[in-house]
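What follows is the content of structure.csv, which has CSV, C-alpha atoms:
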```csv
chain,number,residue,atom,x,y,z
A,1,MET,CA,-15.6,-18.5,-8.1
A,2,LEU,CA,-17.5,-17.8,-11.3
A,3,CYS,CA,-16.7,-14.1,-10.8
A,4,PHE,CA,-13.2,-15.0,-9.8
A,5,SER,CA,-12.5,-16.9,-13.0
A,6,GLY,CA,-13.8,-14.0,-15.2
A,7,LEU,CA,-11.7,-11.4,-13.3
A,8,ILE,CA,-8.5,-13.5,-13.4
A,9,ALA,CA,-9.0,-14.0,-17.2
A,10,GLY,CA,-8.7,-10.2,-17.6
A,11,SER,CA,-5.2,-10.2,-16.2
A,12,PHE,CA,-4.1,-12.7,-18.8
A,13,ALA,CA,-5.5,-10.7,-21.7
A,14,LEU,CA,-4.2,-7.3,-20.4
A,15,GLY,CA,-1.0,-8.7,-18.9
A,16,SER,CA,0.2,-10.2,-22.2
A,17,GLN,CA,0.1,-6.7,-23.6
A,18,ALA,CA,1.9,-5.1,-20.7
A,19,ALA,CA,4.4,-7.8,-19.7
A,20,ASN,CA,7.2,-6.7,-22.0
A,21,HIS,CA,7.1,-3.1,-20.9
A,22,ILE,CA,7.9,-3.5,-17.1
A,23,ALA,CA,9.7,-6.0,-14.8
A,24,PRO,CA,7.2,-8.4,-13.2
A,25,THR,CA,8.6,-7.7,-9.7
A,26,ALA,CA,8.1,-4.0,-10.1
A,27,LEU,CA,4.6,-4.2,-11.4
A,28,ASN,CA,3.5,-6.7,-8.7
A,29,ALA,CA,5.2,-4.8,-5.9
A,30,VAL,CA,3.1,-1.7,-6.7
A,31,ARG,CA,-0.1,-3.8,-7.4
A,32,PHE,CA,0.1,-5.6,-4.1
A,33,THR,CA,0.9,-2.5,-2.1
A,34,LEU,CA,-2.1,-0.7,-3.6
A,35,ALA,CA,-4.3,-3.7,-3.2
A,36,SER,CA,-3.4,-4.2,0.4
A,37,VAL,CA,-4.2,-0.6,1.1
A,38,LEU,CA,-7.6,-0.9,-0.6
A,39,VAL,CA,-8.6,-4.1,1.1
A,40,GLY,CA,-7.3,-2.8,4.5
A,41,VAL,CA,-9.5,0.3,4.3
A,42,VAL,CA,-12.5,-1.9,3.4
A,43,ALA,CA,-11.7,-4.3,6.3
A,44,LEU,CA,-11.4,-1.4,8.8
A,45,ALA,CA,-14.8,0.0,7.6
A,46,THR,CA,-16.6,-3.4,7.8
A,47,THR,CA,-15.4,-6.1,10.1
A,48,GLY,CA,-12.6,-4.2,11.7
A,49,ILE,CA,-9.0,-5.4,12.2
A,50,THR,CA,-8.1,-6.7,15.6
A,51,ARG,CA,-4.7,-7.4,17.1
A,52,GLU,CA,-5.7,-11.1,17.4
A,53,SER,CA,-6.1,-11.3,13.6
A,54,PHE,CA,-2.3,-11.0,13.3
A,55,ALA,CA,-1.3,-13.6,15.8
A,56,ALA,CA,1.4,-15.8,14.2
A,57,PRO,CA,2.2,-13.4,11.4
A,58,TRP,CA,4.3,-16.0,9.7
A,59,ARG,CA,1.0,-17.4,8.3
A,60,TYR,CA,0.6,-14.3,6.2
A,61,LEU,CA,4.2,-14.4,5.0
A,62,ILE,CA,3.7,-18.0,3.8
A,63,LEU,CA,0.4,-17.0,2.0
A,64,GLY,CA,1.8,-13.7,0.6
A,65,GLY,CA,5.0,-15.4,-0.6
A,66,SER,CA,3.0,-18.1,-2.4
A,67,MET,CA,0.7,-15.6,-4.2
A,68,GLY,CA,3.5,-13.1,-4.9
A,69,LEU,CA,5.6,-15.8,-6.5
A,70,TYR,CA,2.6,-16.9,-8.6
A,71,PHE,CA,1.9,-13.4,-10.1
A,72,VAL,CA,5.6,-12.7,-10.7
A,73,LEU,CA,6.0,-15.9,-12.7
A,74,MET,CA,2.7,-15.3,-14.4
A,75,PHE,CA,3.8,-12.0,-15.9
A,76,GLU,CA,7.3,-13.4,-16.7
A,77,GLY,CA,5.6,-16.2,-18.6
A,78,LEU,CA,3.3,-13.9,-20.4
A,79,LYS,CA,6.3,-12.2,-22.1
A,80,THR,CA,6.4,-15.2,-24.5
A,81,THR,CA,3.2,-17.1,-24.0
A,82,PRO,CA,-0.2,-16.3,-25.7
A,83,PRO,CA,-2.9,-15.5,-23.2
A,84,VAL,CA,-5.1,-18.5,-24.1
A,85,SER,CA,-2.1,-20.8,-23.6
A,86,ALA,CA,-1.3,-19.3,-20.3
A,87,ALA,CA,-4.9,-19.6,-19.2
A,88,ALA,CA,-4.7,-23.3,-20.2
A,89,VAL,CA,-1.7,-23.8,-18.0
A,90,PHE,CA,-3.7,-22.2,-15.2
A,91,THR,CA,-6.4,-24.9,-15.6
A,92,LEU,CA,-3.8,-27.5,-14.4
A,93,THR,CA,-4.1,-25.8,-11.0
A,94,PRO,CA,-7.1,-27.9,-9.9
A,95,ILE,CA,-5.1,-31.1,-10.1
A,96,LEU,CA,-2.2,-29.5,-8.3
A,97,SER,CA,-4.6,-28.1,-5.7
A,98,GLY,CA,-6.2,-31.5,-5.2
A,99,ILE,CA,-2.8,-33.0,-4.6
A,100,SER,CA,-1.8,-30.2,-2.2
A,101,ALA,CA,-5.2,-30.5,-0.4
A,102,TYR,CA,-4.6,-34.2,0.1
A,103,LEU,CA,-1.1,-33.8,1.4
A,104,LEU,CA,-1.9,-30.9,3.7
A,105,LEU,CA,-5.6,-31.5,4.7
A,106,ARG,CA,-6.2,-35.1,3.7
A,107,GLN,CA,-9.1,-34.0,1.6
A,108,ALA,CA,-10.2,-36.9,-0.6
A,109,THR,CA,-11.1,-36.6,-4.2
A,110,THR,CA,-14.2,-38.5,-5.5
A,111,ARG,CA,-14.2,-40.5,-8.7
A,112,ARG,CA,-16.3,-37.8,-10.5
A,113,MET,CA,-13.9,-35.1,-9.4
A,114,ALA,CA,-10.9,-37.2,-10.6
A,115,LEU,CA,-12.6,-37.8,-14.0
A,116,ALA,CA,-13.4,-34.1,-14.3
A,117,LEU,CA,-9.8,-33.1,-13.4
A,118,ALA,CA,-8.5,-35.6,-16.0
A,119,VAL,CA,-10.8,-34.2,-18.7
A,120,GLY,CA,-9.8,-30.6,-17.7
A,121,ALA,CA,-6.1,-31.6,-17.9
A,122,ALA,CA,-6.5,-33.1,-21.3
A,123,GLY,CA,-8.2,-29.9,-22.5
A,124,ALA,CA,-5.3,-27.8,-21.0
A,125,LEU,CA,-2.7,-29.9,-22.7
A,126,TRP,CA,-4.6,-29.7,-26.0
A,127,VAL,CA,-4.3,-25.9,-25.8
A,128,ILE,CA,-0.8,-25.8,-24.4
A,129,PHE,CA,0.5,-27.9,-27.3
A,130,ARG,CA,-1.7,-26.0,-29.8
A,131,ALA,CA,-3.5,-29.2,-30.9
A,132,ASP,CA,-0.2,-30.5,-32.4
A,133,LEU,CA,0.1,-34.2,-31.6
A,134,ASN,CA,3.8,-34.2,-32.6
A,135,ALA,CA,4.5,-31.4,-30.2
A,136,LEU,CA,2.8,-33.3,-27.5
A,137,ILE,CA,4.7,-36.5,-28.2
A,138,ALA,CA,8.0,-34.5,-28.3
A,139,PHE,CA,6.8,-32.6,-25.1
A,140,GLU,CA,7.7,-29.3,-26.7
A,141,VAL,CA,6.6,-26.9,-24.0
A,142,GLY,CA,7.3,-23.2,-24.5
A,143,ARG,CA,9.6,-21.4,-22.1
A,144,GLY,CA,6.8,-19.1,-21.0
A,145,GLU,CA,4.4,-22.0,-20.3
A,146,MET,CA,7.1,-23.7,-18.2
A,147,ILE,CA,7.8,-20.6,-16.1
A,148,TYR,CA,4.1,-20.0,-15.5
A,149,PHE,CA,3.6,-23.7,-14.6
A,150,TRP,CA,5.8,-23.2,-11.5
A,151,GLY,CA,3.7,-20.2,-10.6
A,152,CYS,CA,0.6,-22.4,-10.7
A,153,VAL,CA,2.3,-24.8,-8.3
A,154,ALA,CA,2.6,-21.9,-5.9
A,155,HIS,CA,-1.0,-20.9,-6.5
A,156,ALA,CA,-2.2,-24.5,-5.9
A,157,LEU,CA,-0.5,-24.5,-2.5
A,158,TYR,CA,-2.2,-21.3,-1.5
A,159,THR,CA,-5.7,-22.7,-1.6
A,160,PRO,CA,-5.4,-25.5,1.0
A,161,LEU,CA,-3.0,-23.3,3.0
A,162,VAL,CA,-5.8,-20.7,3.5
A,163,ARG,CA,-8.0,-23.4,5.2
A,164,LEU,CA,-5.0,-24.8,7.1
A,165,LEU,CA,-3.8,-21.5,8.5
A,166,ASN,CA,-7.0,-19.6,9.0
A,167,ARG,CA,-7.9,-19.3,12.7
A,168,GLY,CA,-11.4,-17.8,12.3
A,169,GLU,CA,-10.4,-14.5,10.8
A,170,PRO,CA,-13.0,-13.0,8.4
A,171,PRO,CA,-12.0,-13.5,4.7
A,172,ILE,CA,-11.4,-9.8,4.1
A,173,VAL,CA,-9.1,-9.5,7.1
A,174,PHE,CA,-7.2,-12.7,6.2
A,175,SER,CA,-7.0,-11.4,2.6
A,176,PHE,CA,-5.5,-8.1,3.9
A,177,GLY,CA,-2.8,-10.0,5.8
A,178,ALA,CA,-1.8,-12.0,2.8
A,179,LEU,CA,-1.8,-9.0,0.5
A,180,ALA,CA,0.2,-6.9,2.9
A,181,ALA,CA,2.8,-9.7,3.3
A,182,ALA,CA,3.1,-10.2,-0.4
A,183,ALA,CA,3.6,-6.4,-0.8
A,184,VAL,CA,6.4,-6.4,1.8
A,185,ILE,CA,8.1,-9.4,0.2
A,186,LEU,CA,7.9,-7.9,-3.4
A,187,LEU,CA,9.0,-4.4,-2.3
A,188,ILE,CA,12.2,-6.0,-0.8
A,189,PHE,CA,12.9,-8.3,-3.8
A,190,GLY,CA,11.7,-5.9,-6.4
A,191,ALA,CA,13.3,-2.7,-5.1
A,192,GLN,CA,16.1,-2.7,-7.8
A,193,ASP,CA,13.6,-3.2,-10.6
A,194,MET,CA,11.3,-0.5,-9.3
A,195,ILE,CA,14.2,2.0,-9.2
A,196,ALA,CA,15.4,1.0,-12.7
A,197,THR,CA,11.9,1.5,-14.2
A,198,ASP,CA,11.2,4.8,-16.0
A,199,TRP,CA,7.6,5.1,-14.7
A,200,SER,CA,7.0,8.3,-16.7
A,201,ALA,CA,7.8,6.6,-20.0
A,202,LEU,CA,5.5,3.6,-19.5
A,203,PRO,CA,2.8,3.1,-22.2
A,204,ARG,CA,-0.9,3.5,-21.2
A,205,ILE,CA,-1.5,-0.3,-21.4
A,206,VAL,CA,0.8,-0.8,-18.4
A,207,TRP,CA,-1.2,1.7,-16.2
A,208,ILE,CA,-4.5,0.2,-17.4
A,209,THR,CA,-3.2,-3.3,-16.5
A,210,LEU,CA,-1.8,-2.1,-13.1
A,211,ALA,CA,-5.2,-0.5,-12.2
A,212,TYR,CA,-7.1,-3.6,-13.3
A,213,VAL,CA,-4.9,-6.2,-11.5
A,214,THR,CA,-4.8,-4.0,-8.4
A,215,VAL,CA,-8.6,-3.7,-8.0
A,216,PHE,CA,-10.1,-6.7,-9.7
A,217,ALA,CA,-7.3,-9.4,-10.1
A,218,SER,CA,-6.0,-8.7,-6.6
A,219,ALA,CA,-8.3,-7.0,-4.1
A,220,VAL,CA,-11.6,-8.4,-5.3
A,221,SER,CA,-10.4,-11.8,-6.4
A,222,PHE,CA,-8.5,-12.4,-3.2
A,223,VAL,CA,-11.6,-11.9,-1.1
A,224,LEU,CA,-13.7,-14.1,-3.4
A,225,LEU,CA,-11.0,-16.8,-3.3
A,226,GLN,CA,-10.7,-16.6,0.5
A,227,TYR,CA,-14.5,-16.9,0.9
A,228,ALA,CA,-14.9,-19.8,-1.5
A,229,THR,CA,-11.9,-21.7,0.0
A,230,LEU,CA,-13.5,-21.6,3.5
A,231,HIS,CA,-16.8,-23.1,2.1
A,232,LEU,CA,-15.7,-25.6,-0.6
A,233,PRO,CA,-13.1,-28.4,-1.1
A,234,SER,CA,-9.9,-27.0,-2.5
A,235,ALA,CA,-10.1,-29.0,-5.8
A,236,LYS,CA,-13.6,-27.8,-6.4
A,237,VAL,CA,-12.6,-24.2,-5.7
A,238,MET,CA,-9.9,-24.3,-8.3
A,239,ALA,CA,-12.2,-26.2,-10.7
A,240,TYR,CA,-13.7,-22.9,-11.7
A,241,THR,CA,-10.4,-22.0,-13.2
A,242,TYR,CA,-11.5,-24.3,-16.1
A,243,LEU,CA,-13.6,-21.4,-17.3
A,244,THR,CA,-10.6,-19.1,-17.6
A,245,PRO,CA,-9.6,-20.0,-21.2
A,246,SER,CA,-13.2,-19.3,-22.3
A,247,TRP,CA,-13.2,-16.0,-20.5
A,248,VAL,CA,-9.8,-15.1,-22.1
A,249,LEU,CA,-11.3,-15.8,-25.5
A,250,LEU,CA,-14.1,-13.3,-24.7
A,251,TRP,CA,-11.6,-10.8,-23.4
A,252,GLN,CA,-9.5,-11.1,-26.5
A,253,LEU,CA,-12.5,-10.5,-28.7
A,254,ALA,CA,-13.4,-7.4,-26.6
A,255,LEU,CA,-9.9,-6.1,-26.9
A,256,GLY,CA,-9.7,-6.7,-30.7
A,257,GLN,CA,-6.9,-9.4,-30.3
A,258,PRO,CA,-6.6,-12.4,-32.7
A,259,LEU,CA,-8.1,-15.7,-31.6
A,260,PRO,CA,-6.2,-19.0,-31.6
A,261,PRO,CA,-6.8,-21.6,-34.4
A,262,ALA,CA,-10.2,-23.4,-34.4
A,263,LEU,CA,-8.6,-26.7,-33.4
A,264,VAL,CA,-7.2,-25.1,-30.2
A,265,VAL,CA,-10.7,-24.1,-29.2
A,266,GLY,CA,-11.5,-27.8,-28.9
A,267,GLY,CA,-9.3,-27.9,-25.8
A,268,VAL,CA,-11.2,-25.0,-24.3
A,269,ILE,CA,-14.5,-26.9,-24.8
A,270,LEU,CA,-13.0,-29.9,-22.8
A,271,THR,CA,-12.2,-27.6,-19.9
A,272,ILE,CA,-15.9,-26.5,-19.8
A,273,VAL,CA,-17.0,-30.2,-19.8
A,274,ALA,CA,-14.7,-30.7,-16.8
A,275,LEU,CA,-16.3,-27.8,-14.9
A,276,ILE,CA,-19.8,-29.3,-15.6
A,277,LEU,CA,-18.7,-32.6,-14.2
A,278,LEU,CA,-17.4,-31.0,-11.1
A,279,LEU,CA,-20.5,-28.9,-10.5
A,280,LYS,CA,-22.7,-32.0,-10.5
A,281,ASP,CA,-20.8,-33.4,-7.5
A,282,GLU,CA,-21.4,-31.6,-4.2
A,283,SER,CA,-19.1,-33.8,-2.1
A,284,PRO,CA,-16.9,-34.1,-0.2
A,285,ARG,CA,-17.2,-31.0,2.0
```
File written out as structure tokens:
Amino acid sequence: MLCFSGLIAGSFALGSQAANHIAPTALNAVRFTLASVLVGVVALATTGITRESFAAPWRYLILGGSMGLYFVLMFEGLKTTPPVSAAAVFTLTPILSGISAYLLLRQATTRRMALALAVGAAGALWVIFRADLNALIAFEVGRGEMIYFWGCVAHALYTPLVRLLNRGEPPIVFSFGALAAAAVILLIFGAQDMIATDWSALPRIVWITLAYVTVFASAVSFVLLQYATLHLPSAKVMAYTYLTPSWVLLWQLALGQPLPPALVVGGVILTIVALILLLKDESPR
């Protein structure tokens, strides 16, 4: 999950630069298609893919639809949302995931986990409202943040659904099924956007972003998330997302992008405190 949070952060930093050059459905239809091929080849070469793995294929449609919706709304939100703010919205996912895990799996949350989630949420709100108390009181949420929030709701459902729907399939095979399902769904709903896109005229940043999100923010991160979800409580799995704003700051530095005001960084520090609180608690499992 430490690797997962760093890889996901890269998609915020790069995605914010590419989002206005291509329709989210077109970009993600291609990324999920390529990622499913990549993971499928690795699955065949390692664990193998059996017919039994695709019993009840509706499971993969649910998982693929959830993750596909998340990424489409993410890139739509990044059109108007700074990457650090989007990453802060992403840190609300542990709370949403904890709620989903309780409703779907009856996974309880300890007091320490609840405190950590509350601290992390406070840090997220600090960044989302750009350390502006008046904006918080007026609840002035940007359009991009609101769009992306609903994507995070879909992501939060994905985590407990993996544990609920997995029937013993290896993580890489289960990841392949979810990726392939997401690709099919997005190819259907994104067909018009793909046809309307002038692929030859796209700037280099779009191709760099597409390559990155295909390999690292899809194929690799999916397998990491599947593995972690089968070994940790859902809220703790998503707790590592609290590191994402910090990773985004490092990504922005590396890419030569401007950093947010110093006051906003205070919210990022709170998200790190939330992660430390969660890591000290190893229950429930």
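Between CA of Arg51 (chain A) and CA of Thr159 (chain A) lies a distance of 24.2 Å.
Going from CA of Ala121 (chain A) to CA of Gly68 (chain A) covers 24.6 Å.
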### Message
If we count all atoms listed in the file and set the cut-off at 7 Å, which residues sit around Gly123 (chain A), ignoring sequence neighbours fewer than 4 positions away in its own chain? Please answer as a PyMOL selection string.
### Response
chain A and resi 119+127+267-268+270-271
With a distance cut-off of 8 Å and all atoms listed in the file, select the neighbouring residues of Phe174 (chain A), excluding the residue or stretch itself and same-chain residues fewer than 5 positions from it, and output the selection as a short mmCIF file (atom, residue, chain, number, x, y, z; two decimals) with C-alpha atoms, keeping the file's coordinate frame.
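File produced: around.cif:
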```
data_model
loop_
_atom_site.label_atom_id
_atom_site.label_comp_id
_atom_site.auth_asym_id
_atom_site.auth_seq_id
_atom_site.Cartn_x
_atom_site.Cartn_y
_atom_site.Cartn_z
CA SER A 53 -6.10 -11.30 13.60
CA TYR A 60 0.60 -14.30 6.20
CA ASN A 166 -7.00 -19.60 9.00
CA GLU A 169 -10.40 -14.50 10.80
CA GLN A 226 -10.70 -16.60 0.50
#
```
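Between CA of Val39 (chain A) and CA of Ile172 (chain A) there is a distance of 7.0 Å.
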### Task
List every protein, DNA or RNA residue with an atom no more than 10 Å from (10.9, -0.3, -9.8) in the file's coordinates, counting all atoms listed in the file, and format the result as JSON, numbers by chain.
{"A": [22, 23, 24, 25, 26, 27, 28, 29, 30, 187, 190, 191, 192, 193, 194, 195, 196, 197, 198, 199]}
### Task
Using all atoms listed in the file, find the one residue out of A:Ser200, A:Thr241, A:Ser246, A:Thr229 that sits nearest to Phe90 (chain A).
A:Thr241
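Minimum atom-to-atom distance to Tyr212 (chain A), evaluated using all atoms listed in the file, belongs to A:Arg31 out of A:Arg167, A:Arg31, A:His21, A:His231.
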### Query
Between A:Ile99, A:Leu73, A:Pro57, A:Gly168, which one has atoms that come closest to Met146 (chain A), using all atoms listed in the file?
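Of A:Ile99, A:Leu73, A:Pro57, A:Gly168, the one nearest Met146 (chain A) is A:Leu73, counting all atoms listed in the file.
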### Query
Neighbours of Leu225 (chain A) within 10 Å (only C-alpha atoms; same-chain residues fewer than 5 positions away dropped), as a PyMOL selection string?
chain A and resi 1+3-5+159+162+171+175+220+230+237-238
Quick one: write out the picked residues with C-alpha atoms as a compact mmCIF listing (two decimals), in the frame of the given file?
```txt
# COMPACT_ATOMS: atom_id res chain seq x y z
CA MET A 1 -15.60 -18.50 -8.10
CA CYS A 3 -16.70 -14.10 -10.80
CA PHE A 4 -13.20 -15.00 -9.80
CA SER A 5 -12.50 -16.90 -13.00
CA THR A 159 -5.70 -22.70 -1.60
CA VAL A 162 -5.80 -20.70 3.50
CA PRO A 171 -12.00 -13.50 4.70
CA SER A 175 -7.00 -11.40 2.60
CA VAL A 220 -11.60 -8.40 -5.30
CA LEU A 230 -13.50 -21.60 3.50
CA VAL A 237 -12.60 -24.20 -5.70
CA MET A 238 -9.90 -24.30 -8.30
```
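Each of A:Gly266, A:Gly177, A:Gly6, A:Pro82 was checked against Trp58 (chain A) using all atoms listed in the file; the smallest atom-to-atom distance is that of A:Gly177.
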### Query
Can you tell me, as a list of chain:residue names, what residues are no more than 7 Å from Leu117 (chain A) when counting only C-alpha atoms, ignoring any on the same chain fewer than 5 positions away?
A:Pro94, A:Ile95, A:Ala274
### Task
For Leu157 (chain A), please output as JSON, numbers by chain all residues within 10 Å (counting all atoms listed in the file; exclusion window: fewer than 6 positions along the same chain).
{"A": [62, 63, 66, 67, 93, 96, 97, 98, 99, 100, 101, 104, 234]}
Put region 192-204 of chain A into a file with C-alpha atoms, as a PDB file, in the first residue's frame.
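Once everything was written out, this is selection_29.pdb:
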```
ATOM      1  CA  GLN A 192     -18.011   8.217 -29.411  1.00  0.00           C
ATOM      2  CA  ASP A 193     -15.286  10.102 -27.526  1.00  0.00           C
ATOM      3  CA  MET A 194     -12.635   7.758 -28.909  1.00  0.00           C
ATOM      4  CA  ILE A 195     -13.843   8.315 -32.473  1.00  0.00           C
ATOM      5  CA  ALA A 196     -13.999  12.089 -31.965  1.00  0.00           C
ATOM      6  CA  THR A 197     -10.428  12.256 -30.579  1.00  0.00           C
ATOM      7  CA  ASP A 198      -7.694  13.341 -32.979  1.00  0.00           C
ATOM      8  CA  TRP A 199      -5.084  10.945 -31.628  1.00  0.00           C
ATOM      9  CA  SER A 200      -2.326  12.166 -33.925  1.00  0.00           C
ATOM     10  CA  ALA A 201      -2.665  15.737 -32.635  1.00  0.00           C
ATOM     11  CA  LEU A 202      -2.472  14.926 -28.921  1.00  0.00           C
ATOM     12  CA  PRO A 203       0.437  16.568 -27.064  1.00  0.00           C
ATOM     13  CA  ARG A 204       3.247  14.446 -25.633  1.00  0.00           C
TER      14      ARG A 204
END
```
